[in-house]
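Following: one structure in structure tokens, then a few remarks.
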Amino acid sequence: MKPKAAVIDSMNFSSSQIESYFLDNENYIIETVKSIGVFKPERWREVFKHPLTKNITEAKILHTSTGLMLPIKRQSRSQKMQVIEFAGLHSYDDKSKLLSLLLKSLLERVQDEQIVRLDVAIDFKGKIPNGVIKKLCKDRKAFKFKGTTYYKSKSEKKQNYHMNIKTYSKSRKEKLDEEINRLEFVFMRDYLKKLQVKDIEKSFKKMEKSIKRFSGLEVKISAP
């Protein structure tokens with residue numbers, strides 16, 4: 001059977017100074033939301049629709065000339081590093097295309113930076129097969145929160161820096177006419193083990209094996 005297509009939907013990478021990639025360029029503006037003497041949590045919620053959590057010690061918003069707004073932040077776990085989030089690389093709207101173009105324009109310059117999160121998405125037209133759901137529930141417990149079902153391991157604590165698994169309706173989230181449901185594997189810092197951008201494709205085989213182990217699906221991941 002031909003492997004099912006899987007795509008990188010989100011990619012976060014870190015650097016000691018993410019901002020340096022956007023300075024002295026009229027196509028970018030960086031807005032400070034949280035720093036020394038600055039604290040505007042309502043602005044963060046307005047833009048990204050979720051709160052500015054306590055573990056974020058510095059927060060900024062990258063504005064692009066195409067209208068994109070991306071979060072740049074430092075976290076208490078690794079305060080020397082800034083992380084930029086490219087979330088929604090594989091959606092069904094124009095924003096997704098613009099985000100992909102921005103990432104591709106940066107890739108050549110960030111080859112040595114560390115990837116701290118990769119979201120691998122597998123979309124199904126219609127319902128996710130029952131066999132996949134049963135496999136997910138074999139070693140994990142499912143619980144639903146705000147339209148998303150999370151599959152947590154028995155030993156998993158509140159903060160998981162290894163891997164998360166979830167399913168949700170992409171149609172409902174993006175108000176699509178066609179029924180599309182998404183299975184998403186979120187590979188975190190501890191799973192990726194200091195993976196550099198230049199080595200991203202070398203990690204695909206390991207991730208494909210993890211996806212098969214927990215879902216039973218044979219997948220082929222394509223590069224962002």
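Scheme for the structure tokens: letters A, B, ... for chains in order shown; per-chain residue numbers from 1; ligand numbers from 1 in order shown.
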message: as a VMD selection string, please: the residues near Ser16 in chain A (cut-off 12 Å, only C-alpha atoms, same-chain neighbours under 5 positions excluded).
response: chain A and resid 21 72 to 74 78 to 84 110 112 to 114
Give one line per residue of range 32-136 of chain A that approaches range 176-181 of chain A to at most 10 Å, naming the two atoms of the closest pair and their distance in Å to one decimal, counting only C-alpha atoms; sort by chain then ascending residue number and deliver it as a Markdown table.
| residue | atom | partner | partner_atom | distance |
| --- | --- | --- | --- | --- |
| A:Tyr92 | CA | A:Leu176 | CA | 8.2 |
| A:Asp93 | CA | A:Leu176 | CA | 9.9 |
| A:Ile122 | CA | A:Asn181 | CA | 8.5 |
| A:Asp123 | CA | A:Asn181 | CA | 5.8 |
| A:Phe124 | CA | A:Asn181 | CA | 5.2 |
| A:Lys125 | CA | A:Ile180 | CA | 4.7 |
| A:Gly126 | CA | A:Glu179 | CA | 5.2 |
| A:Lys127 | CA | A:Asn181 | CA | 6.2 |
| A:Ile128 | CA | A:Asn181 | CA | 6.4 |
task: Quick one: pick out all strand (DSSP E) residues within range 34-183 of chain A from a backbone DSSP run and write them as a ChimeraX atom specification.
output: /A:34-35,38-39,56-64,69-75,78-87,114-125,140-145,148-153,163-169,180-183
- prompt: To one decimal place, how far is CA of Glu201 in chain A from CA of Ser96 in chain A in Å?
  reply: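 Atom-to-atom, CA of Glu201 in chain A to CA of Ser96 in chain A, that is 20.9 Å.
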message: Residues near Lys205 in chain A, anyone? I mean within 9 Å using only C-alpha atoms, not counting same-chain ones fewer than 5 positions away, as a PyMOL selection string.
response: chain A and resi 210+220-221
- prompt: At what distance in Å, to one decimal, does CA of Asn164 in chain A lie from CA of Ser203 in chain A?
  reply: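 Atom-to-atom, CA of Ser203 in chain A and CA of Asn164 in chain A are spaced 16.7 Å apart.
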- request: Report as number ranges by chain: the residues of range 2-80 of chain A with a DSSP assignment of helix (DSSP H, G or I), based on the backbone of this structure.
  value: A: 18-21, 41-48
Just-selected residues, N, CA and C atoms written as a CSV table (one decimal), in the first residue's frame:
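Result file is again18.csv:
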chain,number,residue,atom,x,y,z
A,18,ILE,N,17.1,35.7,17.1
A,18,ILE,CA,16.3,35.5,15.9
A,18,ILE,C,16.1,36.9,15.2
A,19,GLU,N,16.0,37.9,16.0
A,19,GLU,CA,15.7,39.3,15.4
A,19,GLU,C,16.8,39.7,14.4
A,20,SER,N,18.0,39.2,14.5
A,20,SER,CA,19.0,39.6,13.6
A,20,SER,C,18.7,39.2,12.1
A,21,TYR,N,17.9,38.3,11.9
A,21,TYR,CA,17.5,37.9,10.5
A,21,TYR,C,16.5,38.9,9.9
A,41,PRO,N,0.1,42.0,27.9
A,41,PRO,CA,-0.4,40.6,27.6
A,41,PRO,C,-1.7,40.7,26.8
A,42,GLU,N,-2.5,41.7,26.9
A,42,GLU,CA,-3.7,41.8,26.1
A,42,GLU,C,-3.4,41.9,24.6
A,43,ARG,N,-2.3,42.5,24.2
A,43,ARG,CA,-1.9,42.5,22.8
A,43,ARG,C,-1.6,41.2,22.3
A,44,TRP,N,-0.9,40.4,23.1
A,44,TRP,CA,-0.5,39.0,22.7
A,44,TRP,C,-1.8,38.2,22.5
A,45,ARG,N,-2.7,38.3,23.4
A,45,ARG,CA,-4.0,37.5,23.3
A,45,ARG,C,-4.8,38.0,22.1
A,46,GLU,N,-4.8,39.3,21.8
A,46,GLU,CA,-5.5,39.9,20.7
A,46,GLU,C,-4.9,39.3,19.3
A,47,VAL,N,-3.6,39.1,19.2
A,47,VAL,CA,-3.0,38.7,18.0
A,47,VAL,C,-3.0,37.1,17.9
A,48,PHE,N,-2.7,36.4,18.9
A,48,PHE,CA,-2.5,35.0,18.8
A,48,PHE,C,-3.6,34.2,19.5
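Once range 29-32 of chain A and its same-chain neighbours fewer than 5 positions away are set aside, Glu19, Phe22, Leu23, Asp24, Val38, Phe39, Lys40, Arg43, Trp44, Glu58, Ala59, Lys60, Ile61, Leu62, His63, Thr64, Ser65, Met69, Leu70, Pro71, Ile72 and Lys73 of chain A remain within 10 Å of it when counting only C-alpha atoms.
Counting from CA of Gly216 in chain A, the distance to CA of Ala121 in chain A is 14.8 Å.
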message: I need the residue nearest Lys212 in chain A from this list: A:Lys152, A:Lys4, A:Lys193, A:Lys170. Use only C-alpha atoms for the distance.
response: A:Lys4
